[in-house]
$ cat data_34.txt   # compact mmCIF, C-alpha atoms
# COMPACT_ATOMS: atom_id res chain seq x y z
CA MET A 1 19.34 18.97 49.80
CA THR A 2 18.47 15.54 48.43
CA VAL A 3 16.28 15.37 45.34
CA GLU A 4 14.03 12.34 45.43
CA LYS A 5 14.12 10.42 42.18
CA SER A 6 10.80 9.40 40.72
CA GLY A 7 9.96 6.81 38.14
CA PRO A 8 9.09 7.60 34.52
CA LEU A 9 6.29 10.10 34.08
CA ASN A 10 3.71 10.36 31.36
CA ALA A 11 3.19 13.51 29.28
CA ASN A 12 1.07 14.97 32.11
CA GLY A 13 3.76 14.48 34.77
CA ILE A 14 2.02 11.50 36.38
CA PRO A 15 3.98 8.33 37.20
CA LEU A 16 3.38 5.54 34.72
CA PRO A 17 1.74 2.31 35.90
CA ALA A 18 4.26 -0.34 36.91
CA SER A 19 3.34 -2.57 33.97
CA GLU A 20 4.07 0.24 31.50
CA VAL A 21 7.34 1.11 33.25
CA GLN A 22 8.53 -2.44 32.59
CA VAL A 23 7.58 -2.17 28.92
CA LEU A 24 9.38 1.18 28.67
CA LYS A 25 12.56 -0.19 30.26
CA ASN A 26 12.68 -3.67 28.79
CA GLY A 27 10.26 -3.71 25.89
CA LEU A 28 7.51 -6.29 25.65
CA PRO A 29 8.57 -9.65 27.09
CA SER A 30 9.96 -11.97 24.44
CA THR A 31 8.13 -14.84 26.12
CA LEU A 32 4.71 -13.47 25.16
CA PRO A 33 2.92 -15.60 22.57
CA ASP A 34 3.40 -14.45 18.98
CA ILE A 35 0.88 -15.02 16.20
CA ASP A 36 0.40 -18.76 15.91
CA PRO A 37 -1.46 -20.15 12.86
CA SER A 38 -1.86 -23.54 14.58
CA ARG A 39 -4.33 -21.91 17.01
CA LEU A 40 -6.57 -20.64 14.20
CA THR A 41 -10.31 -21.20 14.52
CA ILE A 42 -12.73 -20.68 11.65
CA THR A 43 -16.39 -19.81 12.01
CA ARG A 44 -18.05 -19.79 8.61
CA ALA A 45 -20.79 -17.34 7.72
CA ALA A 46 -24.21 -18.99 7.91
CA ILE A 47 -25.49 -17.02 4.92
CA LEU A 48 -23.13 -16.04 2.10
CA LYS A 49 -23.50 -12.71 0.35
CA GLU A 50 -24.46 -12.42 -3.31
CA LEU A 51 -21.50 -11.84 -5.62
CA PRO A 52 -21.52 -8.46 -7.41
CA ASP A 53 -21.32 -7.86 -11.14
CA PRO A 54 -17.59 -7.18 -11.84
CA GLU A 55 -18.57 -4.31 -14.15
CA THR A 56 -20.13 -2.43 -11.23
CA LEU A 57 -17.26 -2.81 -8.76
CA VAL A 58 -16.05 0.39 -7.09
CA PHE A 59 -12.83 0.23 -5.10
CA GLY A 60 -13.39 -0.67 -1.45
CA GLU A 61 -17.19 -0.49 -1.32
CA ILE A 62 -18.01 -4.21 -1.00
CA THR A 63 -16.54 -6.66 1.50
CA THR A 64 -16.48 -10.44 1.44
CA ASP A 65 -18.08 -12.94 3.82
CA HIS A 66 -15.23 -13.33 6.31
CA MET A 67 -12.47 -11.46 8.14
CA LEU A 68 -9.35 -12.40 10.10
CA TYR A 69 -9.11 -11.10 13.67
CA MET A 70 -6.72 -11.21 16.64
CA ASP A 71 -5.67 -8.85 19.39
CA PHE A 72 -2.68 -8.19 21.63
CA SER A 73 -2.32 -7.36 25.30
CA PRO A 74 0.89 -6.98 27.33
CA GLU A 75 -0.32 -9.67 29.73
CA ARG A 76 -1.01 -12.49 27.26
CA GLY A 77 0.52 -11.49 23.93
CA TRP A 78 -1.29 -12.27 20.68
CA SER A 79 -4.61 -14.04 20.97
CA ALA A 80 -5.56 -17.13 18.99
CA PRO A 81 -6.40 -15.94 15.47
CA GLU A 82 -9.99 -16.19 14.28
CA ILE A 83 -11.52 -16.23 10.84
CA LYS A 84 -15.14 -15.30 11.35
CA PRO A 85 -18.06 -13.65 9.54
CA TYR A 86 -17.38 -10.05 8.55
CA GLY A 87 -18.76 -7.67 11.15
CA PRO A 88 -18.16 -4.64 13.38
CA LEU A 89 -15.32 -4.30 15.87
CA HIS A 90 -16.06 -3.61 19.53
CA LEU A 91 -13.62 -1.01 20.91
CA ASP A 92 -13.39 1.20 23.97
CA PRO A 93 -14.14 4.85 23.06
CA ALA A 94 -10.84 5.87 24.71
CA SER A 95 -8.81 3.52 22.50
CA SER A 96 -5.53 4.98 21.26
CA CYS A 97 -6.55 4.56 17.62
CA PHE A 98 -9.33 7.13 18.03
CA GLN A 99 -7.19 9.65 19.88
CA TYR A 100 -3.58 9.55 18.65
CA CYS A 101 -3.72 7.59 15.36
CA PRO A 102 -1.43 4.60 15.94
CA ASN A 103 -3.05 2.99 12.90
CA VAL A 104 -1.14 1.19 10.16
CA PHE A 105 -2.30 -0.85 7.20
CA GLU A 106 -1.25 -2.60 4.03
CA GLY A 107 -2.66 -2.91 0.53
CA MET A 108 -2.33 -6.24 -1.27
CA LYS A 109 -4.24 -8.15 -3.94
CA ALA A 110 -5.23 -11.71 -4.70
CA TYR A 111 -5.75 -12.94 -8.26
CA LEU A 112 -7.05 -16.15 -9.82
CA GLY A 113 -4.42 -18.13 -11.66
CA ALA A 114 -5.15 -20.00 -14.89
CA ASP A 115 -5.67 -23.17 -12.80
CA GLY A 116 -8.17 -21.43 -10.52
CA THR A 117 -5.74 -21.17 -7.59
CA PRO A 118 -5.71 -17.83 -5.74
CA ARG A 119 -2.37 -16.03 -6.04
CA LEU A 120 -0.67 -13.19 -4.20
CA PHE A 121 1.94 -10.82 -5.63
CA ARG A 122 5.21 -10.51 -3.67
CA PRO A 123 3.33 -10.61 -0.35
CA GLN A 124 6.43 -10.86 1.82
CA LEU A 125 7.31 -7.27 0.90
CA ASN A 126 3.94 -6.13 2.25
CA MET A 127 4.43 -8.08 5.47
CA GLU A 128 7.88 -6.59 6.03
CA ARG A 129 6.56 -3.08 5.41
CA LEU A 130 3.66 -3.64 7.82
CA VAL A 131 6.13 -4.59 10.57
CA ARG A 132 8.24 -1.49 9.86
CA SER A 133 5.14 0.70 9.99
CA ALA A 134 4.10 -0.83 13.32
CA GLU A 135 7.54 -0.16 14.76
CA ARG A 136 7.39 3.49 13.60
CA VAL A 137 4.32 4.18 15.77
CA ALA A 138 5.41 1.91 18.66
CA LEU A 139 2.72 -0.73 18.11
CA PRO A 140 3.30 -4.37 19.10
CA THR A 141 5.00 -6.29 16.31
CA PHE A 142 4.52 -9.86 15.19
CA ASN A 143 5.84 -12.73 13.10
CA ALA A 144 5.24 -11.59 9.51
CA ASP A 145 5.48 -15.13 8.11
CA ALA A 146 2.77 -16.32 10.49
CA LEU A 147 0.44 -13.50 9.46
CA LEU A 148 0.99 -14.36 5.81
CA VAL A 149 -0.06 -17.98 6.46
CA LEU A 150 -3.31 -16.69 7.94
CA ILE A 151 -3.94 -14.27 5.07
CA LYS A 152 -3.54 -17.12 2.61
CA ARG A 153 -6.08 -19.13 4.58
CA LEU A 154 -8.57 -16.23 4.54
CA VAL A 155 -8.12 -15.67 0.80
CA ALA A 156 -8.56 -19.39 0.10
CA LEU A 157 -11.79 -19.41 2.11
CA ASP A 158 -13.23 -16.40 0.23
CA ALA A 159 -11.73 -17.27 -3.17
CA ARG A 160 -15.15 -17.22 -4.83
CA TRP A 161 -15.02 -13.42 -4.51
CA ILE A 162 -11.98 -13.02 -6.77
CA PRO A 163 -13.22 -11.50 -10.07
CA ARG A 164 -12.10 -13.33 -13.19
CA ALA A 165 -12.04 -10.30 -15.51
CA ARG A 166 -8.61 -9.10 -16.54
CA GLY A 167 -7.36 -6.28 -14.37
CA CYS A 168 -9.76 -7.16 -11.54
CA SER A 169 -8.71 -8.63 -8.21
CA LEU A 170 -9.52 -9.19 -4.55
CA TYR A 171 -8.08 -6.32 -2.53
CA ILE A 172 -6.60 -7.34 0.85
CA ARG A 173 -6.43 -4.80 3.69
CA PRO A 174 -4.44 -5.92 6.76
CA THR A 175 -4.92 -3.30 9.48
CA LEU A 176 -3.21 -2.89 12.86
CA ILE A 177 -4.62 -0.37 15.36
CA GLY A 178 -3.66 0.68 18.87
CA THR A 179 -6.42 -0.15 21.37
CA ARG A 180 -4.97 0.90 24.73
CA PRO A 181 -8.12 2.03 26.61
CA SER A 182 -6.72 5.27 28.03
CA LEU A 183 -6.48 8.94 27.07
CA GLY A 184 -2.89 9.10 28.33
CA VAL A 185 -0.50 10.36 25.67
CA SER A 186 1.79 7.37 25.29
CA ALA A 187 2.40 4.37 23.04
CA SER A 188 -0.38 1.82 22.85
CA THR A 189 0.39 -1.37 24.74
CA HIS A 190 -2.71 -3.04 23.29
CA ALA A 191 -3.55 -3.67 19.63
CA THR A 192 -6.05 -5.25 17.28
CA LEU A 193 -4.96 -6.80 13.99
CA TYR A 194 -7.59 -7.63 11.40
CA VAL A 195 -7.72 -8.36 7.68
CA ILE A 196 -10.67 -7.67 5.40
CA LEU A 197 -11.15 -8.37 1.69
CA SER A 198 -12.88 -6.41 -1.06
CA PRO A 199 -13.42 -7.38 -4.72
CA THR A 200 -12.31 -4.58 -6.98
CA GLY A 201 -12.17 -3.53 -10.59
CA PRO A 202 -9.78 -0.90 -11.99
CA TYR A 203 -8.87 1.64 -9.27
CA ILE A 204 -8.94 4.45 -11.83
CA ARG A 205 -11.26 3.81 -14.76
CA ASP A 206 -9.57 4.93 -17.95
CA SER A 207 -11.24 2.88 -20.66
CA ALA A 208 -10.46 5.55 -23.25
CA GLY A 209 -6.75 5.37 -22.43
CA LYS A 210 -6.46 9.12 -21.85
CA GLY A 211 -4.42 8.84 -18.66
CA ILE A 212 -5.00 10.83 -15.47
CA SER A 213 -4.59 14.52 -14.82
CA LEU A 214 -2.46 15.75 -11.92
CA LEU A 215 -2.33 19.05 -10.05
CA ALA A 216 1.00 19.90 -8.43
CA ALA A 217 0.31 20.80 -4.78
CA GLU A 218 1.91 24.16 -4.09
CA ASP A 219 0.89 25.05 -0.53
CA GLN A 220 0.63 21.69 1.26
CA VAL A 221 3.03 18.76 1.60
CA ARG A 222 2.34 15.07 2.12
CA ALA A 223 5.52 14.31 4.04
CA TRP A 224 8.77 15.90 5.19
CA PRO A 225 12.28 14.76 6.20
CA GLY A 226 12.23 12.95 9.51
CA GLY A 227 8.48 12.39 9.30
CA THR A 228 6.41 9.30 8.52
CA GLY A 229 6.03 9.47 4.73
CA GLY A 230 8.04 6.27 4.24
CA HIS A 231 5.53 4.22 6.23
CA LYS A 232 1.96 3.16 5.51
CA LEU A 233 0.15 4.97 8.32
CA GLY A 234 -3.44 6.17 8.37
CA LEU A 235 -2.27 9.56 9.61
CA ASN A 236 -0.46 10.18 6.30
CA TYR A 237 -3.70 10.15 4.30
CA ALA A 238 -6.40 12.25 5.99
CA PRO A 239 -4.46 15.56 5.78
CA GLY A 240 -4.50 15.26 1.98
CA PHE A 241 -8.26 15.07 1.58
CA VAL A 242 -8.85 18.84 1.54
CA ALA A 243 -6.15 19.38 -1.09
CA GLN A 244 -7.55 16.50 -3.15
CA ARG A 245 -11.00 18.12 -3.11
CA ALA A 246 -9.47 21.37 -4.31
CA ALA A 247 -7.72 19.56 -7.18
CA VAL A 248 -10.98 17.92 -8.28
CA ALA A 249 -12.75 21.30 -8.16
CA LEU A 250 -10.14 22.63 -10.61
CA GLY A 251 -10.68 19.71 -12.99
CA TYR A 252 -7.80 17.40 -11.98
CA GLN A 253 -8.12 13.80 -10.84
CA GLN A 254 -5.17 13.48 -8.48
CA LEU A 255 -2.65 15.58 -6.58
CA LEU A 256 1.01 15.55 -7.43
CA TRP A 257 2.67 16.04 -4.06
CA LEU A 258 5.80 18.17 -3.98
CA LEU A 259 8.50 18.90 -1.43
CA GLY A 260 9.76 22.29 -2.49
CA GLU A 261 10.09 22.02 -6.26
CA TYR A 262 10.64 18.28 -6.20
CA VAL A 263 8.10 15.57 -6.99
CA ALA A 264 7.15 13.22 -4.15
CA GLU A 265 4.07 11.08 -4.89
CA ALA A 266 0.88 11.28 -6.95
CA GLY A 267 -2.09 10.75 -4.67
CA ALA A 268 -1.07 7.52 -2.96
CA MET A 269 1.10 6.35 -5.87
CA ASN A 270 4.79 6.44 -6.74
CA VAL A 271 5.80 8.51 -9.79
CA PHE A 272 8.08 7.75 -12.74
CA ALA A 273 9.20 10.07 -15.57
CA VAL A 274 10.80 8.91 -18.82
CA PHE A 275 13.19 11.23 -20.70
CA GLU A 276 14.96 10.52 -23.98
CA GLY A 277 18.67 11.14 -23.52
CA GLU A 278 20.99 12.64 -26.14
CA ASP A 279 22.44 9.15 -26.67
CA GLY A 280 19.00 7.70 -27.40
CA VAL A 281 18.78 5.87 -24.07
CA LEU A 282 15.55 6.25 -22.10
CA ASP A 283 16.25 7.72 -18.67
CA VAL A 284 13.60 6.50 -16.22
CA ILE A 285 13.63 8.54 -13.03
CA THR A 286 11.67 8.04 -9.80
CA PRO A 287 12.16 9.99 -6.57
CA PRO A 288 14.54 8.31 -4.09
CA LEU A 289 13.47 6.59 -0.88
CA ASP A 290 14.62 9.40 1.39
CA GLY A 291 12.08 8.77 4.16
CA THR A 292 9.38 10.92 2.54
CA ILE A 293 8.47 8.37 -0.15
CA LEU A 294 6.55 5.14 0.48
CA PRO A 295 8.63 2.14 -0.69
CA GLY A 296 5.93 0.70 -2.92
CA VAL A 297 5.91 -2.96 -3.95
CA THR A 298 4.86 -1.99 -7.48
CA ARG A 299 7.60 0.66 -7.53
CA ALA A 300 10.22 -1.97 -6.65
CA SER A 301 8.82 -4.33 -9.28
CA VAL A 302 8.88 -1.67 -12.02
CA LEU A 303 12.49 -0.82 -11.20
CA ALA A 304 13.43 -4.50 -11.28
CA LEU A 305 11.83 -5.08 -14.70
CA LEU A 306 13.32 -1.95 -16.25
CA SER A 307 16.77 -2.69 -14.79
CA HIS A 308 17.05 -6.11 -16.42
CA PRO A 309 20.70 -6.41 -17.55
CA ASP A 310 19.63 -7.39 -21.08
CA GLY A 311 17.08 -4.60 -21.44
CA PRO A 312 13.33 -4.26 -20.89
CA ALA A 313 12.45 -6.53 -23.81
CA ALA A 314 14.37 -9.35 -22.10
CA ALA A 315 12.21 -8.76 -19.01
CA GLY A 316 9.20 -9.64 -21.17
CA LEU A 317 7.76 -6.13 -21.65
CA PRO A 318 5.42 -6.46 -24.65
CA GLY A 319 5.70 -4.02 -27.54
CA ILE A 320 9.16 -2.81 -26.51
CA PRO A 321 11.74 -3.29 -29.29
CA PRO A 322 14.83 -5.33 -28.35
CA THR A 323 16.97 -2.32 -29.30
CA THR A 324 15.38 -0.13 -26.59
CA ARG A 325 17.89 0.79 -23.90
CA VAL A 326 16.88 2.06 -20.47
CA ARG A 327 18.72 3.72 -17.60
CA THR A 328 16.90 3.75 -14.27
CA ALA A 329 17.71 6.24 -11.54
CA GLU A 330 16.30 6.91 -8.10
CA ALA A 331 16.98 10.62 -8.08
CA PRO A 332 15.29 13.96 -7.31
CA LEU A 333 12.78 14.93 -9.99
CA ALA A 334 12.16 18.67 -10.29
CA MET A 335 9.01 20.24 -11.73
CA SER A 336 11.22 22.53 -13.77
CA ALA A 337 12.83 19.46 -15.39
CA LEU A 338 9.41 18.08 -16.31
CA HIS A 339 8.40 21.43 -17.80
CA ALA A 340 11.66 21.79 -19.73
CA GLY A 341 11.43 18.22 -21.03
CA ALA A 342 7.86 18.75 -22.22
CA VAL A 343 8.83 21.96 -24.03
CA ALA A 344 11.92 20.38 -25.62
CA GLY A 345 10.10 17.17 -26.57
CA THR A 346 12.47 14.95 -24.57
CA LEU A 347 9.89 14.00 -21.92
CA ARG A 348 8.44 10.77 -23.27
CA GLU A 349 5.94 9.91 -20.54
CA VAL A 350 5.03 10.22 -16.88
CA PHE A 351 3.26 7.40 -15.10
CA CYS A 352 2.10 6.49 -11.60
CA VAL A 353 2.31 3.07 -9.98
CA GLY A 354 0.76 1.38 -6.95
CA THR A 355 -1.01 -1.74 -5.76
CA ALA A 356 -4.47 -0.39 -6.53
CA ALA A 357 -3.79 1.17 -9.94
CA VAL A 358 -0.82 -1.05 -11.00
CA VAL A 359 0.47 1.39 -13.67
CA ILE A 360 -1.40 4.36 -15.09
CA PRO A 361 -0.03 7.12 -17.35
CA ALA A 362 -0.49 10.84 -16.73
CA SER A 363 -1.87 13.08 -19.48
CA ARG A 364 -1.19 16.54 -18.01
CA ILE A 365 0.16 18.21 -14.88
CA GLY A 366 -1.21 21.50 -13.64
CA TRP A 367 1.60 23.63 -12.19
CA ARG A 368 1.66 27.16 -10.85
CA ARG A 369 5.07 28.74 -11.32
CA ALA A 370 6.00 31.68 -9.10
CA GLY A 371 3.51 34.51 -9.60
CA GLN A 372 1.78 32.74 -12.48
CA PRO A 373 -1.66 31.12 -12.84
CA VAL A 374 -1.92 27.35 -13.07
CA GLU A 375 -0.77 26.10 -16.47
CA ASP A 376 -0.74 22.56 -17.81
CA ILE A 377 2.38 20.66 -18.65
CA VAL A 378 0.92 18.65 -21.52
CA LEU A 379 2.41 15.18 -21.76
CA PRO A 380 2.68 12.90 -24.80
CA ALA A 381 -0.46 10.90 -25.55
CA PRO A 382 -0.54 7.87 -23.21
CA GLY A 383 -0.14 4.37 -24.56
CA GLY A 384 1.63 5.25 -27.79
CA GLU A 385 4.10 3.04 -29.60
CA GLY A 386 6.90 1.97 -27.28
CA SER A 387 5.09 3.17 -24.15
CA LEU A 388 6.80 1.77 -21.07
CA ALA A 389 3.70 2.42 -18.95
CA ARG A 390 1.49 0.25 -21.14
CA ALA A 391 4.10 -2.48 -21.40
CA LEU A 392 4.69 -2.51 -17.64
CA TRP A 393 0.95 -2.78 -16.93
CA GLU A 394 0.61 -5.72 -19.31
CA ARG A 395 3.66 -7.50 -17.91
CA LEU A 396 2.78 -6.99 -14.26
CA VAL A 397 -0.83 -8.11 -14.71
CA ASP A 398 0.34 -11.21 -16.58
CA ILE A 399 2.64 -12.06 -13.66
CA GLN A 400 0.00 -11.27 -11.04
CA GLU A 401 -2.67 -13.38 -12.75
CA GLY A 402 -0.30 -16.31 -13.26
CA ARG A 403 -0.09 -16.22 -17.06
CA VAL A 404 3.70 -16.16 -16.71
CA GLU A 405 6.08 -17.02 -13.90
CA TRP A 406 8.71 -14.46 -13.03
CA GLN A 407 11.33 -14.83 -10.31
CA GLY A 408 8.87 -16.25 -7.80
CA TRP A 409 6.80 -13.05 -7.60
CA GLY A 410 3.51 -14.93 -7.83
CA VAL A 411 2.71 -16.87 -4.63
CA PRO A 412 -0.15 -19.44 -4.69
CA CYS A 413 -2.53 -19.55 -1.70
CA VAL A 414 -2.21 -23.27 -1.14
CA VAL A 415 -3.43 -24.55 2.22
CA GLU A 416 -2.60 -28.12 3.17
CA ASP A 417 -5.61 -30.11 4.40
CA GLY A 418 -5.14 -30.73 8.10
CA GLY A 419 -2.26 -28.23 8.23
CA PRO A 420 -1.87 -25.58 10.90
CA ALA A 421 -4.17 -23.13 9.12
CA ALA A 422 -6.96 -25.63 8.52
CA ALA A 423 -8.49 -25.89 12.00
CA SER A 424 -12.21 -25.07 12.20
CA ALA A 425 -14.79 -24.25 14.82
$ encode --input "data_34.txt" --output "C-alpha cells"
Amino acid sequence: MTVEKSGPLNANGIPLPASEVQVLKNGLPSTLPDIDPSRLTITRAAILKELPDPETLVFGEITTDHMLYMDFSPERGWSAPEIKPYGPLHLDPASSCFQYCPNVFEGMKAYLGADGTPRLFRPQLNMERLVRSAERVALPTFNADALLVLIKRLVALDARWIPRARGCSLYIRPTLIGTRPSLGVSASTHATLYVILSPTGPYIRDSAGKGISLLAAEDQVRAWPGGTGGHKLGLNYAPGFVAQRAAVALGYQQLLWLLGEYVAEAGAMNVFAVFEGEDGVLDVITPPLDGTILPGVTRASVLALLSHPDGPAAAGLPGIPPTTRVRTAEAPLAMSALHAGAVAGTLREVFCVGTAAVVIPASRIGWRRAGQPVEDIVLPAPGGEGSLARALWERLVDIQEGRVEWQGWGVPCVVEDGGPAAASA
C-alpha cells in the first residue's frame, strides 16, 4: 500500500496555502524590501495639541501629535515608512494580534540635552531586543539601524513635547503586531510596526523618598524556564494584572515575582539587593538572565557602573565614598536570604530598575512563609548615606539628560537637512 504524501498542514489538518508553504520551507525571501528611511514621507498635523503641565503628567495617558507607521506583507516586504498625525489603526478583526498575541514592544525615552537637542539613552540595545522579541514569536524582522533612524526623526519632529523638568522625559513605544487576517493557528506572515510618543513624569511618584512596597507573589509566576520571560512581549504582562490588583488590595504597590523561592522581577522591573559582606565589601546581586528575566537596558547600565574597575566612585556615582568597594553578581536571590539579611542587619538595600522608573528603592517586602500569614521584611530607610540606589538614579539621569557624557550612552537625535529621513509630503 502506498501512502500519499501531502504538503504541510495547519493545526486543523488542512493544507497550508502555497505562499505559506514557501515561507515555512525557505523563510521570507531575502529580496523583499527592508525598512528604508530614504522612502520616508511626513504628513504634519494640521492642528497641534496643547502641551500639558509637566506636574500633571501620568505615565502613558497623553500622546504627541505624530506617529511612525509601516506594515509588512510577504508579497512586498516593508512598506514605505510614514510619519503622520497620531490616530487609530485600521485592522481586520481576524488579525493575528487579536487572536494569538504575536505582539512585541519596546520602552525607550527621549530627553532634552543642555543644548536643547533631543537625546536617546543606549537605543541600540532596545532595537536589538525588539528584533529578538520579534523572532521569538515568528514575526517578520527588520533592519534595527534603519528603524532607529526613523525613531530619531519622529522624536526630532515632536521634540516640543519633551518635558524640561528633571526626571521627566518623552516615552517612546515602538510596537510590532501580527496582522495576518486569518483565524488559522500559525505564525503571522503580515505585520504592522508603529511608534508612538508620550510625555511622562516620574513613573512611580515618591516625593517623600519612602520607596515602594512589594508583595512576594506566592501562587502565580510571571515566567518559567523555556518560556518567554526574557522577551518584551505583550502576552507576558496581562496575566499579572489580577495578581497586581490583589497586591494593591493588601496595601502593596507592586508585585515581587518569584520562581519557587527565588526572586525574578518586581512588577516590570529588574531587582537588585545589596548585602554588606564580612570583609566590608558591598555584594550587589541581581537574578541571572536565565530566560525568565528580561534583559533590561537599565539593568545592564547599573551593572556596568557598579562594575567599574576603580570602584563606583570612579564611575561618577555621587555621594559614594572613594573607599567603597562593590562586588556585583548575577546570581539566584532567595527570599530566605533577603529575610536573613534583614534580620542580621547585613541587607543594606533593595532597589528596582527599569526604563520607566530608572531606579527606585524598596521599603518593605510582604512575604508569606510556609503556613504563616504575610509578614513584612522591613528594609533600611531608602536614600540614606551611601545609598547606591540614590547615587545610581542621579548618575543615570545626568547621563540621560546630557549633563555628563559617559561611554557614548547618550545619543543625540540629529537629523541632517536633506538627508534620507528628511523627506516630506
$ atom_distance --input "data_34.txt" --atom1 "atom CA of Val137 of chain A" --atom2 "atom CA of Ala187 of chain A"
7.5 Å
$ atom_distance --input "data_34.txt" --atom1 "atom CA of Gly408 of chain A" --atom2 "atom CA of Arg129 of chain A"
18.8 Å
$ closest_residue --input "data_34.txt" --among "A:Ala314, A:Ile212, A:Ala94, A:Ala223" --to "Asp290 of chain A" --atoms "only C-alpha atoms"
A:Ala223
$ atom_distance --input "data_34.txt" --atom1 "atom CA of Ser73 of chain A" --atom2 "atom CA of Ile196 of chain A"
21.6 Å
$ closest_atom_pairs --input "data_34.txt" --of "segment 141-165 of chain A" --to "segment 171-182 of chain A" --cutoff "12 Å" --atoms "all atoms listed in the file" --output "Markdown table"
| residue | atom | partner | partner_atom | distance |
| --- | --- | --- | --- | --- |
| A:Thr141 | CA | A:Leu176 | CA | 9.5 |
| A:Phe142 | CA | A:Leu176 | CA | 10.7 |
| A:Ala144 | CA | A:Pro174 | CA | 11.6 |
| A:Leu147 | CA | A:Pro174 | CA | 9.4 |
| A:Leu148 | CA | A:Pro174 | CA | 10.1 |
| A:Leu150 | CA | A:Pro174 | CA | 10.9 |
| A:Ile151 | CA | A:Pro174 | CA | 8.5 |
| A:Lys152 | CA | A:Ile172 | CA | 10.4 |
| A:Leu154 | CA | A:Ile172 | CA | 9.8 |
| A:Val155 | CA | A:Ile172 | CA | 8.5 |
| A:Asp158 | CA | A:Ile172 | CA | 11.2 |
| A:Ala159 | CA | A:Tyr171 | CA | 11.6 |
| A:Trp161 | CA | A:Tyr171 | CA | 10.1 |
| A:Ile162 | CA | A:Tyr171 | CA | 8.8 |
| A:Pro163 | CA | A:Tyr171 | CA | 10.5 |
$ closest_residue --input "data_34.txt" --among "A:Ala146, A:Val284, A:Val104, A:Leu68" --to "Ser38 of chain A" --atoms "only C-alpha atoms"
A:Ala146
$ residues_near_point --input "data_34.txt" --point "(-2.0, -15.6, 17.2)" --cutoff "9 Å" --atoms "all atoms listed in the file" --output "VMD selection string"
chain A and resid 33 to 40 70 to 72 77 to 82 142 146 to 147
$ closest_atom_pairs --input "data_34.txt" --of "segment 157-251 of chain A" --to "segment 361-375 of chain A" --cutoff "10 Å" --atoms "all atoms listed in the file" --output "Markdown table"
| residue | atom | partner | partner_atom | distance |
| --- | --- | --- | --- | --- |
| A:Asp206 | CA | A:Pro361 | CA | 9.8 |
| A:Gly209 | CA | A:Pro361 | CA | 8.6 |
| A:Lys210 | CA | A:Ser363 | CA | 6.5 |
| A:Gly211 | CA | A:Ala362 | CA | 4.8 |
| A:Ile212 | CA | A:Ala362 | CA | 4.7 |
| A:Ser213 | CA | A:Arg364 | CA | 5.1 |
| A:Leu214 | CA | A:Ile365 | CA | 4.7 |
| A:Leu215 | CA | A:Gly366 | CA | 4.5 |
| A:Ala216 | CA | A:Trp367 | CA | 5.3 |
| A:Ala217 | CA | A:Trp367 | CA | 8.0 |
| A:Glu218 | CA | A:Arg368 | CA | 7.4 |
| A:Ala247 | CA | A:Gly366 | CA | 9.4 |
| A:Leu250 | CA | A:Gly366 | CA | 9.5 |
| A:Gly251 | CA | A:Gly366 | CA | 9.7 |
$ closest_residue --input "data_34.txt" --among "A:Val415, A:Met108, A:Leu51, A:Val185" --to "Gly296 of chain A" --atoms "all atoms listed in the file"
A:Met108
$ closest_residue --input "data_34.txt" --among "A:Thr31, A:Ser95, A:Thr117, A:Thr346" --to "Gln400 of chain A" --atoms "all atoms listed in the file"
A:Thr117
$ closest_residue --input "data_34.txt" --among "A:Pro52, A:Gly277, A:Gly354, A:Gly167" --to "Ala300 of chain A" --atoms "only C-alpha atoms"
A:Gly354
$ residues_around --input "data_34.txt" --residues "Ala165 of chain A" --least-positions-apart "2" --cutoff "12 Å" --atoms "only C-alpha atoms" --output "number ranges by chain"
A: 53-55, 57, 111-114, 161-163, 167-170, 199-202, 397, 401
$ closest_residue --input "data_34.txt" --among "A:Arg403, A:His66, A:Arg44, A:Arg395" --to "Ala315 of chain A" --atoms "all atoms listed in the file"
A:Arg395
$ residues_near_point --input "data_34.txt" --point "(6.7, 2.4, -17.2)" --cutoff "9 Å" --atoms "all atoms listed in the file" --output "list in words"
Phe272, Ala273, Val274, Val284, Val302, Leu303, Leu306, Glu349, Val350, Phe351, Cys352, Val353, Val359, Ile360, Pro361, Ser387, Leu388, Ala389, Arg390, Ala391, Leu392 and Trp393 of chain A
$ build_atoms --input "data_34.txt" --residues "segment 253-262 of chain A" --atoms "N, CA and C atoms" --output "compact mmCIF listing (two decimals), in the coordinates of the input"
# COMPACT_ATOMS: atom_id res chain seq x y z
N GLN A 253 -7.70 15.03 -11.52
CA GLN A 253 -8.12 13.80 -10.84
C GLN A 253 -7.31 13.49 -9.60
N GLN A 254 -6.04 13.83 -9.60
CA GLN A 254 -5.17 13.48 -8.48
C GLN A 254 -4.21 14.63 -8.19
N LEU A 255 -3.69 14.62 -6.96
CA LEU A 255 -2.65 15.58 -6.58
C LEU A 255 -1.28 15.02 -6.92
N LEU A 256 -0.40 15.89 -7.33
CA LEU A 256 1.01 15.55 -7.43
C LEU A 256 1.70 16.24 -6.26
N TRP A 257 2.06 15.46 -5.25
CA TRP A 257 2.67 16.04 -4.06
C TRP A 257 4.10 16.47 -4.35
N LEU A 258 4.45 17.63 -3.83
CA LEU A 258 5.80 18.17 -3.98
C LEU A 258 6.43 18.38 -2.61
N LEU A 259 7.74 18.44 -2.59
CA LEU A 259 8.50 18.90 -1.43
C LEU A 259 9.45 19.95 -1.97
N GLY A 260 9.06 21.22 -1.78
CA GLY A 260 9.76 22.29 -2.49
C GLY A 260 9.37 22.21 -3.95
N GLU A 261 10.37 22.14 -4.82
CA GLU A 261 10.09 22.02 -6.26
C GLU A 261 10.10 20.57 -6.72
N TYR A 262 10.38 19.65 -5.80
CA TYR A 262 10.64 18.28 -6.20
C TYR A 262 9.43 17.37 -6.02
